[in-house]
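Below is one structure, written out as structure tokens; comments come after it.
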Amino acid sequence: MQKQILASACTLLGLLTVWSTVRAQAPAVASNPVEEARAILQAVEADDSARELVSRAVNQAHVTLDQAAHTTAPEQRATLDLTALEWAEIARDLKRARDAEQASDRLEQSLSALQTELVRTRASVEQALARVGRARQELLDLERNKAGGSAAPGAQR
Amino acid sequence: MLVICCAACTPTPRPASLDKVAEVRTSPATREAEAWAPQAHAHALELERRSQQALAAGDAAGAALLADGALAAHEHAWVLARLARAERRRLSAEAELTEQQRALAELQAQEQRLSAEAADLELRARVLKNALPLAAHDTAGPERSEARRKAAAALSTQGRLLCVAARLLGEADAVKEPLARLDELDRELDSAAAGARGAGAGKAPKALETATELRGQCLRVISEARRRHSRSNPPRPDAATAGALLPAVPADQVLAELSAAGQSPARDERGVSVVLRDLFAANGSLTEAGRTQLQQLGATAKAHPEFPLLLVGHTASPDAQPAMDRQLASLGSELASLGLERFSTHDAGPRQPLLPPQLPRARERNQRIELVFVAPGL
């Protein structure tokens, strides 16, 4: 039950995070979709690590922008501009998704190492408990010996 | 005219991209996008609807462009779904990691507590064991007597080093009496040794029992000092342990730092010790390598000012004693020049050999200087 609640909370948080990130990074007023698309493309193309991942979307965005530039009908041009912006956003969000996936991978690796450490520490706690038990018993035996006035065990020299 | 009429009545051809949109709309990826990115999915459907409207109005070119837009919007919805899934995974892993880190910190604290309790109980048992009377032994021959004398001398030296270490921790009053008795015992043992070398008449009656008792007394003094110190100074995280979940025990930190510096440190009842060899050249001066090693050790000592230093010289034979005294004095000056103030030197003589003197290479193994970082706490 708790796991389900946690999973739902994480989903909600995830969606909120994506929404807020997308909103926060989008220009405040999308006055001109062409300018906006070009700005996004410039930022995406500056990152070499994502070049292969986003190449198709970037290419589609450029092709659509060219197509829009050669279209004279204003309504069709507006449609093409918005489609170009959509492709630019796809490229940007693909990169974000990859970054989030890599971050998740790293966290899951840390989690796995931590779980190994937990198992090891649990075993150490068990050993420490046994050590305390043995030491208590030894102390008890020695105190009995002391009270009985006998020599230390193994003290024959 | 007929041709124009026919052309006007022909239905507008459906763009291929609109069929592709219909295909994409029913794909599993789009169903997933509907659940994870509903707004983006709704936007794609809206574009598809507008494309169909344009087609119905006879605007094939506009319908094709809007269908292309719908395809892009579907793909965008799918990418956003992928991003949302990755974010959920990340947040879930973060939450789990925090939870597991908390559990680990609790377990480590428990382990540390239990280990400290076990160490304390073991120490109390050791002190109690040392305080118990030894079993009475029969009259022994000269060889057995000599072995007992040597064992008593070794125990006496161990006791003395523990008392000297306790004195460095501020227990000067408490160690006065056992140190005075150890002096007396050593005189007896020396005279017994002289007797054994002479007519074989020298004996140190009860020396082993006395040495055991005095060693136990010194161990008790240093243990109590450490218990008091640990109670009033619980370990705190510092720069060196900032990354760890729990602060390390200070002596463990010193041990780790010395190991990292390439030394071979060891833990014993006095604290953390490093055996130093070949520090001096044949002419009695400190070698360059020796000075570098001492500077490294001095840096560790400076980083842990709560650990006083004890320099102990062990010789392979009594005739090496004057040279050892000179070496200890030289090392003392060197430590002082490094800005260290809390240290003491002690010449233990040949009473704690590592190897029996008759073995090959025993001389070079037994001749050594120990630098002890006296642990102030448990």
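Residue names in the structure tokens use chain letters A, B, ... in the order shown, residue numbers from 1 in each chain, and ligand numbers from 1 in the order shown.
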
Exercise for the section: For chain B, list the residues within 7 Å of chain A, counting only C-alpha atoms, and write the list as a PyMOL selection string. Expected result: chain B and resi 62+65-66+69+72-73+76+79-80+82-84+86-94+97+104+107-108+110-111+114-115+117-118+121-122+125+128-129+132-135

May I have the selected residues written with N, CA and C atoms, as a tab-separated table (two decimals), in the first residue's frame?
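Printed below is again-v4.tsv as written:
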chain	number	residue	atom	x	y	z
B	62	GLY	N	-3.37	22.22	-47.03
B	62	GLY	CA	-3.46	22.57	-45.61
B	62	GLY	C	-3.63	21.33	-44.76
B	65	LEU	N	-0.29	19.58	-44.37
B	65	LEU	CA	0.60	20.28	-43.44
B	65	LEU	C	0.18	20.05	-41.99
B	66	LEU	N	-1.15	20.10	-41.76
B	66	LEU	CA	-1.64	19.88	-40.39
B	66	LEU	C	-1.41	18.42	-39.96
B	69	GLY	N	2.02	18.18	-38.89
B	69	GLY	CA	2.10	18.76	-37.54
B	69	GLY	C	1.60	17.78	-36.50
B	72	ALA	N	4.23	15.16	-35.83
B	72	ALA	CA	5.28	15.71	-34.95
B	72	ALA	C	4.77	15.81	-33.51
B	73	ALA	N	3.49	16.22	-33.36
B	73	ALA	CA	2.93	16.37	-32.01
B	73	ALA	C	2.83	15.02	-31.30
B	76	HIS	N	6.22	14.19	-30.20
B	76	HIS	CA	6.57	15.01	-29.03
B	76	HIS	C	5.92	14.45	-27.77
B	79	VAL	N	7.91	11.56	-26.60
B	79	VAL	CA	9.18	11.98	-25.96
B	79	VAL	C	8.90	12.51	-24.54
B	80	LEU	N	7.82	13.28	-24.41
B	80	LEU	CA	7.48	13.81	-23.08
B	80	LEU	C	7.11	12.68	-22.12
B	82	ARG	N	8.37	9.71	-22.26
B	82	ARG	CA	9.66	9.09	-21.91
B	82	ARG	C	10.35	9.92	-20.82
B	83	LEU	N	10.28	11.24	-20.97
B	83	LEU	CA	10.88	12.14	-19.97
B	83	LEU	C	10.19	11.98	-18.61
B	84	ALA	N	8.85	11.91	-18.64
B	84	ALA	CA	8.11	11.77	-17.38
B	84	ALA	C	8.44	10.45	-16.70
B	86	ALA	N	11.26	8.76	-16.99
B	86	ALA	CA	12.62	8.86	-16.46
B	86	ALA	C	12.64	9.69	-15.18
B	87	GLU	N	11.84	10.76	-15.16
B	87	GLU	CA	11.78	11.60	-13.95
B	87	GLU	C	11.20	10.81	-12.79
B	88	ARG	N	10.17	10.01	-13.10
B	88	ARG	CA	9.57	9.21	-12.03
B	88	ARG	C	10.60	8.22	-11.48
B	89	ARG	N	11.34	7.60	-12.42
B	89	ARG	CA	12.37	6.65	-11.99
B	89	ARG	C	13.40	7.34	-11.10
B	90	ARG	N	13.80	8.55	-11.54
B	90	ARG	CA	14.82	9.29	-10.80
B	90	ARG	C	14.33	9.64	-9.40
B	91	LEU	N	13.11	10.15	-9.33
B	91	LEU	CA	12.57	10.54	-8.02
B	91	LEU	C	12.40	9.33	-7.11
B	92	SER	N	11.94	8.23	-7.71
B	92	SER	CA	11.74	7.02	-6.93
B	92	SER	C	13.09	6.51	-6.39
B	93	ALA	N	14.12	6.53	-7.27
B	93	ALA	CA	15.45	6.08	-6.84
B	93	ALA	C	16.01	7.01	-5.77
B	94	GLU	N	15.76	8.31	-5.92
B	94	GLU	CA	16.23	9.27	-4.91
B	94	GLU	C	15.59	9.00	-3.56
B	97	LEU	N	16.99	5.84	-2.15
B	97	LEU	CA	18.37	6.06	-1.73
B	97	LEU	C	18.40	6.75	-0.36
B	104	LEU	N	21.14	2.63	6.66
B	104	LEU	CA	22.56	2.30	6.79
B	104	LEU	C	23.19	3.08	7.94
B	107	LEU	N	22.24	1.47	11.12
B	107	LEU	CA	22.97	0.20	11.33
B	107	LEU	C	24.43	0.47	11.71
B	108	GLN	N	25.03	1.45	11.02
B	108	GLN	CA	26.44	1.76	11.33
B	108	GLN	C	26.58	2.29	12.75
B	110	GLN	N	24.64	1.52	15.19
B	110	GLN	CA	24.45	0.36	16.06
B	110	GLN	C	25.73	-0.47	16.12
B	111	GLU	N	26.34	-0.66	14.95
B	111	GLU	CA	27.57	-1.45	14.90
B	111	GLU	C	28.67	-0.77	15.73
B	114	LEU	N	27.92	-1.19	19.40
B	114	LEU	CA	28.17	-2.56	19.85
B	114	LEU	C	29.67	-2.86	19.90
B	115	SER	N	30.40	-2.38	18.88
B	115	SER	CA	31.85	-2.63	18.86
B	115	SER	C	32.51	-1.94	20.04
B	117	GLU	N	31.09	-1.25	22.87
B	117	GLU	CA	30.70	-1.99	24.08
B	117	GLU	C	31.53	-3.27	24.21
B	118	ALA	N	31.72	-3.96	23.06
B	118	ALA	CA	32.51	-5.19	23.08
B	118	ALA	C	33.95	-4.88	23.47
B	121	LEU	N	34.12	-4.23	27.17
B	121	LEU	CA	33.99	-5.48	27.95
B	121	LEU	C	35.27	-6.30	27.86
B	122	GLU	N	35.84	-6.37	26.65
B	122	GLU	CA	37.07	-7.15	26.46
B	122	GLU	C	38.22	-6.55	27.27
B	125	ALA	N	37.76	-7.39	30.81
B	125	ALA	CA	38.13	-8.80	31.03
B	125	ALA	C	39.64	-8.95	31.08
B	128	LEU	N	40.94	-7.64	34.31
B	128	LEU	CA	40.59	-8.59	35.38
B	128	LEU	C	41.49	-9.82	35.31
B	129	LYS	N	41.75	-10.27	34.09
B	129	LYS	CA	42.60	-11.44	33.90
B	129	LYS	C	44.01	-11.16	34.42
B	132	LEU	N	44.25	-11.34	38.18
B	132	LEU	CA	44.09	-12.63	38.86
B	132	LEU	C	45.46	-13.21	39.21
B	133	PRO	N	45.57	-13.89	40.35
B	133	PRO	CA	46.88	-14.47	40.70
B	133	PRO	C	47.24	-15.60	39.74
B	134	LEU	N	48.52	-15.70	39.43
B	134	LEU	CA	48.97	-16.79	38.56
B	134	LEU	C	48.99	-18.09	39.36
B	135	ALA	N	48.87	-19.17	38.63
B	135	ALA	CA	48.93	-20.47	39.31
B	135	ALA	C	50.34	-20.66	39.88

Which of region 135-304 of chain B DSSP labels strand (DSSP E), written as a short mmCIF file (atom, residue, chain, number, x, y, z; two decimals) with C-alpha atoms, in the first residue's frame:
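That gives us part33.cif:
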data_model
loop_
_atom_site.label_atom_id
_atom_site.label_comp_id
_atom_site.auth_asym_id
_atom_site.auth_seq_id
_atom_site.Cartn_x
_atom_site.Cartn_y
_atom_site.Cartn_z
CA ALA B 266 49.45 -1.19 13.74
CA ARG B 267 46.98 -0.86 16.60
CA ASP B 268 47.92 -1.93 20.13
CA GLY B 271 47.34 3.48 20.35
CA VAL B 272 48.67 3.40 16.80
CA SER B 273 52.32 2.57 16.28
CA VAL B 274 54.72 2.73 13.34
CA VAL B 275 58.04 0.88 13.35
CA LEU B 276 60.89 3.00 12.04
#

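CA of Ala116 (chain B) to CA of Gln253 (chain B) spans 15.5 Å [interatomic distance, one decimal].
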
Practice task
Tell me, as a ChimeraX atom specification, which residues lie within 9 Å of Thr210 (chain B), counting only C-alpha atoms; anything in the same chain fewer than 2 positions away does not count.
Solution key: /B:152,156,181-182,185,206-208,212-215

Since we have the selection now, will you write its residues out, keeping C-alpha atoms, as a compact mmCIF listing (two decimals), in the first residue's frame?
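Result saved to selection-v8.txt:
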# COMPACT_ATOMS: atom_id res chain seq x y z
CA ALA B 152 58.86 -10.89 33.44
CA SER B 156 57.53 -5.13 32.93
CA ARG B 181 57.31 -0.52 41.63
CA LEU B 182 58.37 -1.25 38.06
CA LEU B 185 61.18 -4.85 39.77
CA LYS B 206 57.55 -13.74 42.16
CA ALA B 207 58.85 -11.41 39.40
CA LEU B 208 56.42 -12.78 36.81
CA THR B 212 51.73 -9.18 35.39
CA GLU B 213 50.08 -7.31 38.21
CA LEU B 214 51.86 -4.02 37.42
CA ARG B 215 51.10 -4.32 33.71

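CA of Gly332 (chain B) lies 19.9 Å from CA of Pro265 (chain B).
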
Practice task
Could you tell me which of B:Leu123, B:Ala261, B:Ala33, B:Ala316 comes closest to Arg227 (chain B) if we count only C-alpha atoms?
Solution key: B:Leu123

Practice task
as number ranges by chain, list the residues of region 204-324 of chain B assigned to alpha helix (DSSP H) by DSSP on the backbone atoms of this structure.
Solution key: B: 207-232, 250-260, 288-303, 321-324

Keeping C-alpha atoms for every residue in the selection just given, could you write it to a file as a PDB file, in the first residue's frame?
ATOM      1  CA  ALA B 207      58.847 -11.409  39.401  1.00  0.00           C
ATOM      2  CA  LEU B 208      56.422 -12.781  36.805  1.00  0.00           C
ATOM      3  CA  GLU B 209      53.455 -12.296  39.127  1.00  0.00           C
ATOM      4  CA  THR B 210      54.563  -8.769  40.030  1.00  0.00           C
ATOM      5  CA  ALA B 211      55.159  -7.826  36.379  1.00  0.00           C
ATOM      6  CA  THR B 212      51.732  -9.184  35.392  1.00  0.00           C
ATOM      7  CA  GLU B 213      50.076  -7.305  38.212  1.00  0.00           C
ATOM      8  CA  LEU B 214      51.855  -4.017  37.421  1.00  0.00           C
ATOM      9  CA  ARG B 215      51.099  -4.322  33.714  1.00  0.00           C
ATOM     10  CA  GLY B 216      47.439  -4.843  34.609  1.00  0.00           C
ATOM     11  CA  GLN B 217      47.573  -1.786  36.865  1.00  0.00           C
ATOM     12  CA  CYS B 218      49.005   0.407  34.072  1.00  0.00           C
ATOM     13  CA  LEU B 219      46.437  -0.963  31.605  1.00  0.00           C
ATOM     14  CA  ARG B 220      43.676  -0.116  34.059  1.00  0.00           C
ATOM     15  CA  VAL B 221      44.942   3.464  34.475  1.00  0.00           C
ATOM     16  CA  ILE B 222      45.121   4.109  30.710  1.00  0.00           C
ATOM     17  CA  SER B 223      41.773   2.403  30.076  1.00  0.00           C
ATOM     18  CA  GLU B 224      40.008   4.507  32.681  1.00  0.00           C
ATOM     19  CA  ALA B 225      41.580   7.674  31.261  1.00  0.00           C
ATOM     20  CA  ARG B 226      40.340   6.716  27.816  1.00  0.00           C
ATOM     21  CA  ARG B 227      36.856   5.854  29.039  1.00  0.00           C
ATOM     22  CA  ARG B 228      36.613   9.274  30.704  1.00  0.00           C
ATOM     23  CA  HIS B 229      37.920  10.983  27.559  1.00  0.00           C
ATOM     24  CA  SER B 230      35.481   9.131  25.275  1.00  0.00           C
ATOM     25  CA  ARG B 231      32.547   9.981  27.506  1.00  0.00           C
ATOM     26  CA  SER B 232      33.364  13.687  27.427  1.00  0.00           C
ATOM     27  CA  PRO B 250      39.852   8.996  15.967  1.00  0.00           C
ATOM     28  CA  ALA B 251      42.421   6.172  16.282  1.00  0.00           C
ATOM     29  CA  ASP B 252      40.944   4.569  13.153  1.00  0.00           C
ATOM     30  CA  GLN B 253      41.339   7.878  11.350  1.00  0.00           C
ATOM     31  CA  VAL B 254      45.013   8.076  12.343  1.00  0.00           C
ATOM     32  CA  LEU B 255      45.496   4.464  11.256  1.00  0.00           C
ATOM     33  CA  ALA B 256      43.836   5.167   7.893  1.00  0.00           C
ATOM     34  CA  GLU B 257      45.839   8.340   7.300  1.00  0.00           C
ATOM     35  CA  LEU B 258      49.140   6.638   8.123  1.00  0.00           C
ATOM     36  CA  SER B 259      48.280   3.728   5.828  1.00  0.00           C
ATOM     37  CA  ALA B 260      47.361   6.163   3.065  1.00  0.00           C
ATOM     38  CA  GLU B 288      67.297  12.241   4.055  1.00  0.00           C
ATOM     39  CA  ALA B 289      64.770   9.404   3.675  1.00  0.00           C
ATOM     40  CA  GLY B 290      64.498   9.203   7.454  1.00  0.00           C
ATOM     41  CA  ARG B 291      63.877  12.938   7.722  1.00  0.00           C
ATOM     42  CA  THR B 292      61.184  12.772   5.016  1.00  0.00           C
ATOM     43  CA  GLN B 293      59.469   9.890   6.808  1.00  0.00           C
ATOM     44  CA  LEU B 294      59.583  11.775  10.077  1.00  0.00           C
ATOM     45  CA  GLN B 295      58.127  14.876   8.402  1.00  0.00           C
ATOM     46  CA  GLN B 296      55.236  12.797   7.035  1.00  0.00           C
ATOM     47  CA  LEU B 297      54.574  11.351  10.470  1.00  0.00           C
ATOM     48  CA  GLY B 298      54.886  14.810  11.983  1.00  0.00           C
ATOM     49  CA  ALA B 299      52.217  16.110   9.582  1.00  0.00           C
ATOM     50  CA  THR B 300      49.818  13.376  10.735  1.00  0.00           C
ATOM     51  CA  ALA B 301      50.657  14.138  14.361  1.00  0.00           C
ATOM     52  CA  LYS B 302      49.978  17.837  13.800  1.00  0.00           C
ATOM     53  CA  ALA B 303      46.610  17.011  12.253  1.00  0.00           C
ATOM     54  CA  GLN B 321      72.028   1.346  24.282  1.00  0.00           C
ATOM     55  CA  PRO B 322      74.234   4.494  24.121  1.00  0.00           C
ATOM     56  CA  ALA B 323      73.736   4.758  20.345  1.00  0.00           C
ATOM     57  CA  MET B 324      69.983   4.311  20.798  1.00  0.00           C
TER      58      MET B 324
END
